[in-house]
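Read through the structure below, which is laid out as structure tokens, and then see the notes.
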Amino acid sequence: MTENELRDLLCELGASLFARGYSVGSAGNISVRLPDGYLMTPTNSSLGRLKAERISKLDAGWAHVGGDKPSKEVFMHRAVLTARPDAGAVVHLHSTHATAIGCLAEPGESAPIPPLTPYFVMRVGRSLPVIPYYRPGDAAMEPAIHEAAKSARAMLLANHGPVVSGKTLMDAVYAAEELEESARLALMLRGAGARALTGAQVEDLLSTFG
Ligand SMILES: O=C(O)[C@@H](O)C(=O)COP(=O)(O)O
Ligand SMILES: [Zn+2]
């Protein structure tokens, strides 16, 4: 896709996430890898009202070179995109149920949501590390996120929200949506003795769709 097509898709997907309640107010931010740098949602912007021409552009060294001032979470996005050379985009949301799991789980946990459904395993993967709490925008979060992202497509920031990567922008958004719905399901079934997929079923999914 061209840069302009990616800008338009970012606006379209941001509006769709916002309209369906995956983000509210100016919460959340999204980045997309380009051949010569990165696109990032501007700080304090609503995902529901992004303007293609105002999206922030950063060069390959992560310096701001165009558009509005980028999200204060540049360190979060840089941590994931440098750890995962195959990732083309990162989506950070405050979606309610994934954030709730991030408030219940212990930092350091690696699988706070059980593999209840195949699509969760296919989109999010085997592990979902819980990163200790950092103040939003704190550069100190970068090493912990970078390390976790080497082996996980998605993670939960304790008491903050999910961070999800994907090969493409569309993949990252689909995975963020699936993570939120799986978190909702996990909370709904908490304590009910729900049957999770077995280890063999998870491995079969990962080797077939991984
Ligand atoms: O939680 C926060 O403050 C940020 O992580 C966030 O979601 C929105 O920050 P900006 O992207 O700087 O608006
Ligand atoms: Zn946030």
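For the structure tokens, the naming scheme is as follows: chains receive sequential letters (A, B, ...) according to their order of presentation, residues are indexed from 1 within each chain, and ligands are indexed from 1 in presentation order.
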task: Fewer than 3 positions away in the same chain doesn't count, so skip those; otherwise give me all residues within 9 Å of Ala152 (chain A), counting only C-alpha atoms, as a PyMOL selection string.
output: chain A and resi 124-129+148-149+155+165
Emit the selected residues as a PDB file, in the first residue's frame, including C-alpha atoms.
ATOM      1  CA  VAL A 124      -3.061 -13.326  19.459  1.00  0.00           C
ATOM      2  CA  GLY A 125      -0.878 -16.429  19.809  1.00  0.00           C
ATOM      3  CA  ARG A 126       0.316 -18.588  22.660  1.00  0.00           C
ATOM      4  CA  SER A 127       1.424 -15.930  25.126  1.00  0.00           C
ATOM      5  CA  LEU A 128       0.154 -12.575  26.325  1.00  0.00           C
ATOM      6  CA  PRO A 129       2.741 -11.188  28.753  1.00  0.00           C
ATOM      7  CA  ALA A 148       8.298  -9.179  25.730  1.00  0.00           C
ATOM      8  CA  ALA A 149       7.627  -8.360  22.075  1.00  0.00           C
ATOM      9  CA  MET A 155       0.799  -7.894  25.651  1.00  0.00           C
ATOM     10  CA  SER A 165       1.100  -5.959  16.737  1.00  0.00           C
TER      11      SER A 165
END
Select from chain A every residue with an atom at most 8 Å from any atom of ligand 1, then for each give the shortest pair of atoms and their distance in Å to one decimal, using only C-alpha atoms and all ligand atoms, rows by chain and rising number, as a Markdown table.
| residue | atom | partner | partner_atom_place_in_ligand_line | distance |
| --- | --- | --- | --- | --- |
| A:Ser26 | CA | ligand 1 | 13 (O) | 5.7 |
| A:Ala27 | CA | ligand 1 | 7 (O) | 4.1 |
| A:Gly28 | CA | ligand 1 | 7 (O) | 3.5 |
| A:Asn29 | CA | ligand 1 | 11 (O) | 4.6 |
| A:Ile30 | CA | ligand 1 | 11 (O) | 7.9 |
| A:Thr41 | CA | ligand 1 | 11 (O) | 6.6 |
| A:Pro42 | CA | ligand 1 | 11 (O) | 6.2 |
| A:Thr43 | CA | ligand 1 | 13 (O) | 3.6 |
| A:Asn44 | CA | ligand 1 | 13 (O) | 3.6 |
| A:Ser45 | CA | ligand 1 | 13 (O) | 5.7 |
| A:Ser46 | CA | ligand 1 | 13 (O) | 7.7 |
| A:Pro70 | CA | ligand 1 | 12 (O) | 7.0 |
| A:Ser71 | CA | ligand 1 | 12 (O) | 3.7 |
| A:Lys72 | CA | ligand 1 | 12 (O) | 3.9 |
| A:Glu73 | CA | ligand 1 | 5 (O) | 5.8 |
| A:His92 | CA | ligand 1 | 7 (O) | 6.7 |
| A:Leu93 | CA | ligand 1 | 7 (O) | 6.3 |
| A:His94 | CA | ligand 1 | 7 (O) | 6.7 |
| A:Pro136 | CA | ligand 1 | 3 (O) | 4.9 |
| A:Gly137 | CA | ligand 1 | 5 (O) | 6.5 |
| A:His160 | CA | ligand 1 | 1 (O) | 6.5 |
| A:Gly161 | CA | ligand 1 | 1 (O) | 7.8 |
query: Which parts of region 81-198 of chain A does DSSP call helix (DSSP H, G or I) when run on the backbone here, written out as a count of residues only?
result: 50
field: Thr99 (chain A) environment, 12 Å, only C-alpha atoms, sequence neighbours closer than 3 positions dropped, as a PyMOL selection string
entry: chain A and resi 22-23+28+92-96+102-105+112-113+130+155-163+176+179-184+187
Spatial neighbours of Ala79 (chain A), 8 Å, only C-alpha atoms, chain gap at least 5 places, as number ranges by chain: A: 142-143, 145-146, 149
Output file for the residues above (C-alpha atoms, as an mmCIF file, in the first residue's frame):
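What ended up in part.cif:
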data_model
loop_
_atom_site.group_PDB
_atom_site.id
_atom_site.type_symbol
_atom_site.label_atom_id
_atom_site.label_comp_id
_atom_site.auth_asym_id
_atom_site.auth_seq_id
_atom_site.Cartn_x
_atom_site.Cartn_y
_atom_site.Cartn_z
ATOM 1 C CA GLU A 142 10.739 0.508 26.464
ATOM 2 C CA PRO A 143 13.131 -2.315 27.555
ATOM 3 C CA ILE A 145 8.082 -4.062 26.167
ATOM 4 C CA HIS A 146 10.929 -4.711 23.726
ATOM 5 C CA ALA A 149 7.627 -8.360 22.075
#
message: Nearest residue to ligand 2 out of A:Gly67, A:Tyr38, A:Gly14, A:Tyr134, using only C-alpha atoms and all ligand atoms?
response: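 Between A:Gly67, A:Tyr38, A:Gly14, A:Tyr134, the residue approaching ligand 2 most closely is A:Tyr134.
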message: Based on the backbone DSSP call, show me all residues of region 123-155 of chain A assigned strand (DSSP E or B), as a VMD selection string.
response: chain A and resid 130 to 131 154 to 155
For those residues, write C-alpha atoms to a file as a compact mmCIF listing (two decimals), in the first residue's frame.
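Dumped to selection_7.txt:
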# COMPACT_ATOMS: atom_id res chain seq x y z
CA VAL A 130 1.65 -8.76 31.45
CA ILE A 131 4.08 -5.82 31.64
CA ALA A 154 0.47 -8.86 22.00
CA MET A 155 0.80 -7.89 25.65
- prompt: Looking at A:Leu39, A:Arg123, A:Ala15, A:Leu47, which one is nearest to Asp171 (chain A), with distances taken over only C-alpha atoms?
  reply: A:Arg123
query: Quick one: of A:Arg195, A:Arg78, A:Arg33, A:Arg7, who's nearest to Ile55 (chain A), counting only C-alpha atoms?
result: A:Arg7
query: What's the 10 Å shell around Asn4 (chain A), counting only C-alpha atoms, without same-chain residues fewer than 4 positions away, as a PyMOL selection string?
result: chain A and resi 8-10+52-53
Kindly save the residues from that selection, with N, CA and C atoms included, as a short mmCIF file (atom, residue, chain, number, x, y, z; two decimals), in the first residue's frame.
data_model
loop_
_atom_site.label_atom_id
_atom_site.label_comp_id
_atom_site.auth_asym_id
_atom_site.auth_seq_id
_atom_site.Cartn_x
_atom_site.Cartn_y
_atom_site.Cartn_z
N ASP A 8 -5.17 6.77 4.85
CA ASP A 8 -6.64 6.67 4.74
C ASP A 8 -7.16 5.47 5.52
N LEU A 9 -6.43 4.35 5.44
CA LEU A 9 -6.86 3.14 6.16
C LEU A 9 -6.78 3.36 7.68
N LEU A 10 -5.75 4.07 8.10
CA LEU A 10 -5.60 4.38 9.54
C LEU A 10 -6.82 5.18 10.03
N ALA A 52 -6.23 12.41 7.75
CA ALA A 52 -5.09 11.77 7.07
C ALA A 52 -3.87 12.69 7.00
N GLU A 53 -4.10 13.96 6.69
CA GLU A 53 -2.96 14.87 6.47
C GLU A 53 -2.31 15.31 7.79
#
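Distances to Met76 (chain A) were evaluated for A:Ala60, A:Met141, A:Leu185, A:Cys11 using only C-alpha atoms, and the minimum falls at A:Met141.
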Contact residues around Ala194 (chain A) with only C-alpha atoms at 9 Å, ignoring same-chain residues under 5 positions, as a PyMOL selection string: chain A and resi 116+186+189
How about saving the chosen residues, C-alpha atoms kept, as a tab-separated table (two decimals), in the first residue's frame?
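What landed in result-v2.tsv:
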chain	number	residue	atom	x	y	z
A	116	LEU	CA	-10.88	-20.61	24.92
A	186	ALA	CA	-12.75	-14.90	29.88
A	189	LEU	CA	-16.71	-17.38	32.19
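Taking only C-alpha atoms into account, Val164 (chain A) lies nearest to A:Gly88 out of the set A:Gly21, A:Gly37, A:Gly88, A:Gly48.
Between CA of Ala172 (chain A) and CA of Ala19 (chain A) there is a distance of 17.5 Å.
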